[in-house]
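Structure file query_38.txt; described as compact mmCIF, C-alpha atoms.
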# COMPACT_ATOMS: atom_id res chain seq x y z
CA MET A 936 230.69 70.73 42.40
CA ILE A 937 230.11 67.32 40.80
CA ARG A 938 228.92 66.01 44.15
CA LEU A 939 226.46 68.87 44.45
CA LEU A 940 225.12 68.22 40.96
CA PHE A 941 224.81 64.51 41.75
CA ALA A 942 223.00 65.29 45.00
CA LEU A 943 220.61 67.63 43.22
CA LEU A 944 219.99 65.08 40.48
CA THR A 945 219.34 62.31 43.01
CA ARG A 946 217.00 64.59 44.93
CA LYS A 947 215.15 65.45 41.72
CA ILE A 948 214.79 61.74 40.85
CA SER A 949 213.67 60.86 44.38
CA THR A 950 210.86 63.41 44.30
CA THR A 951 209.56 62.40 40.88
CA VAL A 952 209.80 58.61 41.00
CA THR A 953 206.89 56.76 42.60
CA ASP A 954 207.50 53.82 44.94
CA GLU A 955 206.30 51.34 42.35
CA GLU A 956 208.55 52.83 39.65
CA ALA A 957 211.54 52.73 42.00
CA VAL A 958 210.84 49.06 42.77
CA GLY A 959 210.55 48.22 39.06
CA GLN A 960 213.75 50.08 38.22
CA TYR A 961 215.64 48.49 41.09
CA ILE A 962 214.61 44.99 39.96
CA LEU A 963 215.63 45.77 36.38
CA THR A 964 218.89 47.61 36.99
CA GLN A 965 219.91 46.71 40.57
CA ASN A 966 220.93 50.37 40.77
CA GLN A 967 221.58 51.40 44.38
CA LYS A 968 220.01 54.84 43.93
CA TYR A 969 216.52 53.31 43.59
CA PHE A 970 216.97 51.43 46.84
CA ASP A 971 218.19 54.67 48.45
CA ILE A 972 214.94 56.37 47.39
CA LEU A 973 212.84 53.67 49.07
CA TYR A 974 215.12 53.62 52.10
CA SER A 975 214.95 57.38 52.64
CA ARG A 976 211.15 57.34 52.34
CA TYR A 977 210.43 54.46 54.68
CA SER A 978 213.33 53.72 57.04
CA SER A 979 212.32 56.17 59.77
CA LYS A 980 208.66 55.16 59.55
CA ILE A 981 209.53 51.49 59.84
CA PHE A 982 211.80 52.25 62.79
CA GLY A 983 208.96 54.22 64.43
CA LYS A 984 206.54 51.32 64.06
CA CYS A 985 209.10 48.81 65.36
CA LEU A 986 209.77 51.09 68.32
CA SER A 987 206.05 51.43 69.09
CA ILE A 988 205.58 47.67 69.11
CA LEU A 989 208.91 46.38 70.45
CA LYS A 990 209.36 49.23 73.00
CA ASP A 991 213.15 49.10 72.77
CA GLU A 992 215.35 51.27 70.55
CA GLU A 993 218.10 48.66 70.06
CA LYS A 994 215.59 45.96 69.12
CA ALA A 995 213.78 48.41 66.86
CA GLU A 996 217.07 49.20 65.10
CA ASP A 997 217.86 45.51 64.55
CA ALA A 998 214.30 44.88 63.38
CA THR A 999 214.47 47.79 60.90
CA GLN A 1000 217.66 46.36 59.46
CA GLU A 1001 216.27 42.84 59.13
CA ILE A 1002 212.98 44.08 57.68
CA PHE A 1003 214.84 46.04 54.97
CA VAL A 1004 216.98 43.02 54.07
CA LYS A 1005 213.77 40.98 53.87
CA ILE A 1006 212.17 43.63 51.67
CA LEU A 1007 215.18 43.72 49.35
CA LEU A 1008 215.37 39.94 49.01
CA ASN A 1009 211.63 39.70 48.34
CA LEU A 1010 211.25 42.79 46.15
CA ALA A 1011 210.61 40.67 43.06
CA LYS A 1012 207.57 39.15 44.82
CA PHE A 1013 205.88 42.56 45.11
CA SER A 1014 203.04 42.17 42.64
CA GLY A 1015 201.71 45.71 42.72
CA LYS A 1016 198.20 44.60 43.74
CA SER A 1017 198.42 46.75 46.87
CA LYS A 1018 200.30 49.98 47.51
CA PHE A 1019 204.02 49.53 48.14
CA SER A 1020 203.62 51.18 51.54
CA THR A 1021 200.93 48.65 52.51
CA TRP A 1022 203.20 45.80 51.42
CA ILE A 1023 206.20 46.93 53.46
CA TYR A 1024 204.08 47.80 56.48
CA SER A 1025 202.59 44.30 56.33
CA ILE A 1026 206.13 42.87 56.48
CA THR A 1027 206.92 45.24 59.35
CA TYR A 1028 203.86 44.44 61.48
CA ASN A 1029 204.09 40.70 60.88
CA TYR A 1030 207.80 40.73 61.72
CA CYS A 1031 207.23 42.63 64.98
CA ILE A 1032 204.24 40.52 66.04
CA ASP A 1033 206.19 37.32 65.26
CA SER A 1034 209.22 38.47 67.23
CA ILE A 1035 207.10 39.32 70.27
CA ARG A 1036 205.28 36.02 69.92
CA LYS A 1037 208.62 34.19 69.87
CA ARG A 1038 209.78 36.16 72.89
CA LYS A 1039 206.68 35.41 74.91
CA LYS A 1040 206.14 32.00 73.32
CA ASP A 1041 202.48 32.92 73.27
CA LYS A 1042 201.00 31.01 70.36
CA SER A 1043 197.52 32.29 71.06
CA ILE A 1044 198.36 35.91 70.37
CA LEU A 1045 196.34 36.08 67.15
CA VAL A 1046 193.72 33.47 67.92
CA GLU A 1047 190.17 34.68 67.38
CA ASP A 1048 187.90 34.90 70.36
CA LEU A 1049 185.08 33.00 68.74
CA ALA A 1050 182.84 33.26 71.78
CA ASN A 1051 182.30 36.95 71.10
CA GLU A 1052 181.88 36.71 67.31
CA HIS A 1053 178.21 37.66 67.52
CA ASP A 1054 179.06 41.13 68.85
CA THR A 1055 178.29 44.00 66.58
CA ALA A 1056 181.18 45.99 65.16
CA GLU A 1057 179.80 49.28 66.52
CA ASP A 1058 181.66 50.30 69.65
CA GLY A 1059 180.33 53.74 70.44
CA ILE A 1060 183.87 55.07 70.93
CA GLU A 1061 184.48 57.95 68.61
CA ASP A 1062 187.70 58.07 66.58
CA ARG A 1063 188.14 61.63 67.83
CA PHE A 1064 188.67 60.27 71.34
CA LEU A 1065 191.82 58.49 70.15
CA LEU A 1066 192.99 60.98 67.55
CA GLU A 1067 192.84 64.06 69.78
CA MET A 1068 194.51 62.52 72.78
CA HIS A 1069 197.75 64.06 74.02
CA VAL A 1070 200.78 62.22 72.60
CA LYS A 1071 202.23 61.46 76.04
CA ARG A 1072 199.00 59.81 77.15
CA LEU A 1073 198.74 57.96 73.87
CA LYS A 1074 202.25 56.62 74.37
CA VAL A 1075 201.48 55.42 77.90
CA ILE A 1076 198.30 53.65 76.83
CA LEU A 1077 199.90 52.04 73.77
CA GLU A 1078 202.62 50.62 75.99
CA LYS A 1079 200.02 48.86 78.12
CA ILE A 1080 197.84 47.51 75.34
CA PRO A 1081 198.40 43.98 73.89
CA VAL A 1082 200.62 43.87 70.81
CA THR A 1083 198.02 42.85 68.21
CA ASP A 1084 195.57 45.50 69.42
CA LYS A 1085 198.33 48.08 69.25
CA ALA A 1086 199.30 47.00 65.73
CA ILE A 1087 195.70 47.22 64.57
CA LEU A 1088 195.24 50.70 66.04
CA LEU A 1089 198.48 51.86 64.41
CA MET A 1090 197.39 50.47 61.04
CA LYS A 1091 194.01 52.19 61.29
CA TYR A 1092 194.93 55.55 62.78
CA GLN A 1093 198.62 56.03 61.97
CA ASP A 1094 198.82 54.45 58.51
CA GLU A 1095 195.18 55.20 57.71
CA MET A 1096 194.69 51.77 56.16
CA SER A 1097 191.28 50.54 55.10
CA ILE A 1098 189.63 47.53 56.75
CA LYS A 1099 190.33 45.57 53.54
CA GLU A 1100 194.05 46.39 53.67
CA ILE A 1101 194.31 45.41 57.35
CA SER A 1102 192.44 42.17 56.65
CA GLU A 1103 194.94 41.33 53.89
CA ILE A 1104 197.91 42.05 56.12
CA LEU A 1105 196.67 39.96 59.04
CA ASP A 1106 195.05 37.36 56.79
CA LYS A 1107 191.65 37.67 58.49
CA SER A 1108 188.14 38.41 57.25
CA GLU A 1109 186.96 42.01 57.14
CA SER A 1110 184.31 41.34 59.80
CA ALA A 1111 186.97 39.83 62.09
CA ILE A 1112 189.08 42.96 61.64
CA LYS A 1113 186.12 45.23 62.47
CA MET A 1114 185.64 43.19 65.62
CA LYS A 1115 189.32 43.43 66.52
CA ILE A 1116 189.28 47.20 66.05
CA LYS A 1117 186.25 47.46 68.27
CA ARG A 1118 187.88 45.41 71.04
CA ALA A 1119 191.16 47.27 70.70
CA LYS A 1120 189.32 50.58 71.15
CA GLN A 1121 187.48 49.21 74.17
CA LYS A 1122 190.76 48.09 75.76
CA PHE A 1123 192.26 51.46 74.91
CA LYS A 1124 189.42 53.27 76.66
CA LYS A 1125 189.58 50.93 79.65
CA ILE A 1126 193.30 51.54 80.15
CA HIS A 1127 192.73 55.26 79.72
CA LYS A 1128 190.07 55.17 82.41
CA GLU A 1129 192.35 53.24 84.79
CA ASN A 1130 195.22 55.69 84.33
CA TYR A 1131 193.42 59.00 83.85
CA THR A 1132 190.24 59.14 85.86
CA GLU A 1133 188.67 62.28 84.38
CA ILE A 1134 186.88 61.29 81.12
CA MET B 741 193.46 69.66 59.11
CA PRO B 742 192.12 67.54 62.00
CA ASN B 743 194.46 66.64 64.83
CA ASN B 744 195.95 63.14 64.76
CA SER B 745 197.98 62.17 67.81
CA PHE B 746 199.01 58.89 66.15
CA LYS B 747 200.75 60.86 63.39
CA GLU B 748 202.43 63.06 65.99
CA LEU B 749 203.67 59.95 67.77
CA GLU B 750 205.00 58.59 64.46
CA ASN B 751 206.93 61.82 63.82
CA GLU B 752 208.32 61.75 67.35
CA ASP B 753 209.52 58.14 67.01
CA SER B 754 210.90 58.75 63.52
CA LYS B 755 213.14 61.53 64.82
CA LYS B 756 214.91 59.01 67.06
CA PHE B 757 216.06 57.23 63.93
CA GLU B 758 218.25 60.07 62.62
CA GLU B 759 221.31 59.12 64.67
CA ARG B 760 220.98 55.46 63.70
CA ASN B 761 220.27 56.03 60.02
CA GLN B 762 223.79 55.65 58.60
CA ARG B 763 224.63 52.61 60.73
CA VAL B 764 221.48 50.76 59.70
CA ARG B 765 222.05 51.63 56.03
CA ASP B 766 225.63 50.31 56.18
CA ASN B 767 224.53 47.09 57.87
CA ILE B 768 221.83 46.54 55.24
CA ASN B 769 224.39 47.05 52.46
CA HIS B 770 226.74 44.55 54.11
CA SER B 771 223.98 41.95 54.50
CA VAL B 772 222.76 42.36 50.93
CA GLY B 773 226.34 42.30 49.62
CA PHE B 774 226.89 39.02 51.47
CA PHE B 775 223.76 37.50 49.92
CA HIS B 776 224.85 38.63 46.44
CA PHE B 777 228.27 37.07 47.06
CA LEU B 778 226.62 33.77 48.08
CA GLY B 779 224.43 33.93 44.97
CA ASP B 780 227.49 34.46 42.75
CA ILE B 781 229.28 31.53 44.38
CA LEU B 782 226.27 29.30 43.81
CA ASP B 783 225.97 30.46 40.18
CA LEU B 784 229.61 29.64 39.59
CA PHE B 785 229.99 26.32 41.36
CA LEU B 786 226.56 24.68 41.49
CA PRO B 787 226.58 23.50 37.83
CA LYS B 788 230.05 22.01 38.32
CA VAL B 789 229.00 20.23 41.51
CA VAL B 790 225.91 18.81 39.75
CA ASN B 791 228.10 17.61 36.84
CA MET B 792 230.52 16.02 39.26
CA PHE B 793 227.72 14.10 40.95
CA LEU B 794 226.36 13.02 37.55
CA THR B 795 229.79 11.76 36.52
CA VAL B 796 230.36 9.95 39.81
CA SER B 797 226.93 8.31 39.63
CA GLY B 798 227.74 6.91 36.16
CA GLY B 799 225.97 9.44 33.98
CA LYS B 800 227.48 10.70 30.73
CA GLY B 801 227.84 14.26 31.90
CA PRO B 802 227.47 17.25 29.65
CA LYS B 803 228.33 17.08 25.91
CA THR B 804 231.33 19.12 24.89
CA ASP B 805 232.33 20.39 21.41
CA SER B 806 235.20 17.90 21.12
CA ASN B 807 233.01 14.80 21.18
CA SER B 808 230.03 16.11 19.28
CA GLY B 809 229.28 17.08 15.66
CA GLU B 810 231.41 16.01 12.69
CA ALA B 811 234.12 14.27 14.67
CA SER B 812 231.81 11.63 16.00
CA SER B 813 230.18 11.07 12.60
CA ASP B 814 233.62 10.48 11.00
CA ASP B 815 234.40 7.86 13.60
CA ASP B 816 231.23 6.02 12.70
CA ASN B 817 232.01 6.02 8.90
CA PRO B 818 233.16 2.52 7.85
CA ASN B 819 234.79 3.78 4.55
CA ARG B 820 237.07 6.16 6.35
CA PRO B 821 240.72 5.03 5.86
CA LYS B 822 242.54 4.00 8.96
CA TYR B 823 245.59 6.09 8.02
CA PRO B 824 244.44 9.20 6.12
CA ASN B 825 247.69 9.77 4.17
CA SER B 826 248.33 6.17 3.13
CA HIS B 827 247.38 4.51 -0.22
CA GLU B 828 245.46 1.32 0.38
Do you think you could lay out the structure here as structure tokens?
Amino acid sequence: MIRLLFALLTRKISTTVTDEEAVGQYILTQNQKYFDILYSRYSSKIFGKCLSILKDEEKAEDATQEIFVKILLNLAKFSGKSKFSTWIYSITYNYCIDSIRKRKKDKSILVEDLANEHDTAEDGIEDRFLLEMHVKRLKVILEKIPVTDKAILLMKYQDEMSIKEISEILDKSESAIKMKIKRAKQKFKKIHKENYTEI
Amino acid sequence: MPNNSFKELENEDSKKFEERNQRVRDNINHSVGFFHFLGDILDLFLPKVVNMFLTVSGGKGPKTDSNSGEASSDDDNPNRPKYPNSHE
């Protein structure tokens, strides 16, 4: 009975407390229930993103664990300038990109292609083309696309982040991000064409 | 509501987490508990280690109640009798 009441109370708190309030309360009180609220809201999403980028369930599980420890140890650094979700997704994407970079030892993974900087940001590929694709096809294409392009597409279409938010996460200018989105969409369409001929 | 295959993919991937949820949560608690333990150890012993180094390097070390305040001022007083209960 007491357990049931506690569960109901916790559920009530978890639905009413915003992320930012839970962070503030956790820093003040170190009460586990506030961490549990954040964990229950974001753990599966973080795992999903890690899985999309790392392509391995075991690695995604380890990454989720390490990302949450990182979040907990750095919670006091969350300034509240951006949304809490944006902040933790930035940790997630940067962690995954770094771990792939370490694995491949490819230091040039985020280097700008300055030769094409004069391109316009318009790509002529409608968002609908990506958003209405069958999930199985989407999965296949995302597995073949380079990791930074994949991360950018996930930020834009899965997390619905603004260009400004993505630029803050990747520490690039907004025009560079527009360019990256354009190229990512072009690569996406190219891989789609190679794998599924009828467009 | 417009279709969003990216959201569908997110939901699909998130479902795979259910069986791992408890294990990940336990591991996080263990890791954070370990860091708290390290923090407590540092809080407890770091000041003593610093004092020890100060003492070894010839510094005075921290002031304690026994050698501060009135006791030290009495020692400095030249009129204070050598033997308090004696008549000089």
Anything within 12 Å of (221.9, 44.9, 50.5): list those residues as number ranges by chain, counting all atoms listed in the file and sticking to the file's coordinates. A: 961, 965-967, 970-971, 974, 1000-1010; B: 764-777
If you count all atoms listed in the file, the residue of A:Cys1031, A:Leu1088, A:Val1082, A:Leu1105 closest to chain B turns out to be A:Leu1088
I'd like the interatomic distance between atom CA of A:Phe982 and atom CA of B:Gly779, to a tenth of an Å.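 Distance between the two atoms: 28.5 Å.
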Could you work out how far atom CA of A:Ile1035 lies from atom CA of A:Leu1066, giving the answer in Å with one decimal? 26.0 Å
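Taking atom CA of B:Ser754 and atom CA of A:Phe1064 as endpoints, the distance between them is 23.6 Å.
For A:Lys1012, the non-local neighbours within 12 Å, defined as residues at least 6 positions apart in the same chain or in other chains and counting only C-alpha atoms, are Val958, Gly959, Ile962, Lys1005, Ile1006, Phe1019, Trp1022 and Ile1023 of chain A.
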Centre and edge lengths, as JSON, for the axis-aligned box enclosing every listed atom of stretch 1013-1019 of chain A with 6 Å of padding on each of the six sides, in Å to one decimal?
{"center_x": 202.0, "center_y": 46.1, "center_z": 45.4, "size_x": 19.7, "size_y": 19.8, "size_z": 17.5}
Compile the contact shell of B:Asn744 as a list in words: residues with an atom at most 10 Å away, counting all atoms listed in the file, same-chain residues fewer than 4 positions apart removed. Asp1062, Arg1063, Leu1065, Leu1066, Glu1067, Met1068, His1069, Val1070, Tyr1092 and Gln1093 of chain A; Glu748 and Leu749 of chain B
Rank A:Tyr977, A:Tyr969, A:Phe1123, A:Phe1013 by their smallest atom-to-atom distance to A:Val952, using all atoms listed in the file, and report the top residue only.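 Answer, going by the shortest atom-to-atom distance: A:Tyr969.
Taking only C-alpha atoms into account, chain B lies nearest to A:Leu1073 out of the set A:Arg1038, A:Ser1025, A:Leu1073, A:Thr951.
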The residues within 8 Å of (205.2, 43.2, 68.0), using all atoms listed in the file and the coordinates of the file, should be reported as a ChimeraX atom specification; which are they? /A:985,988-989,1028-1036,1082-1083,1086
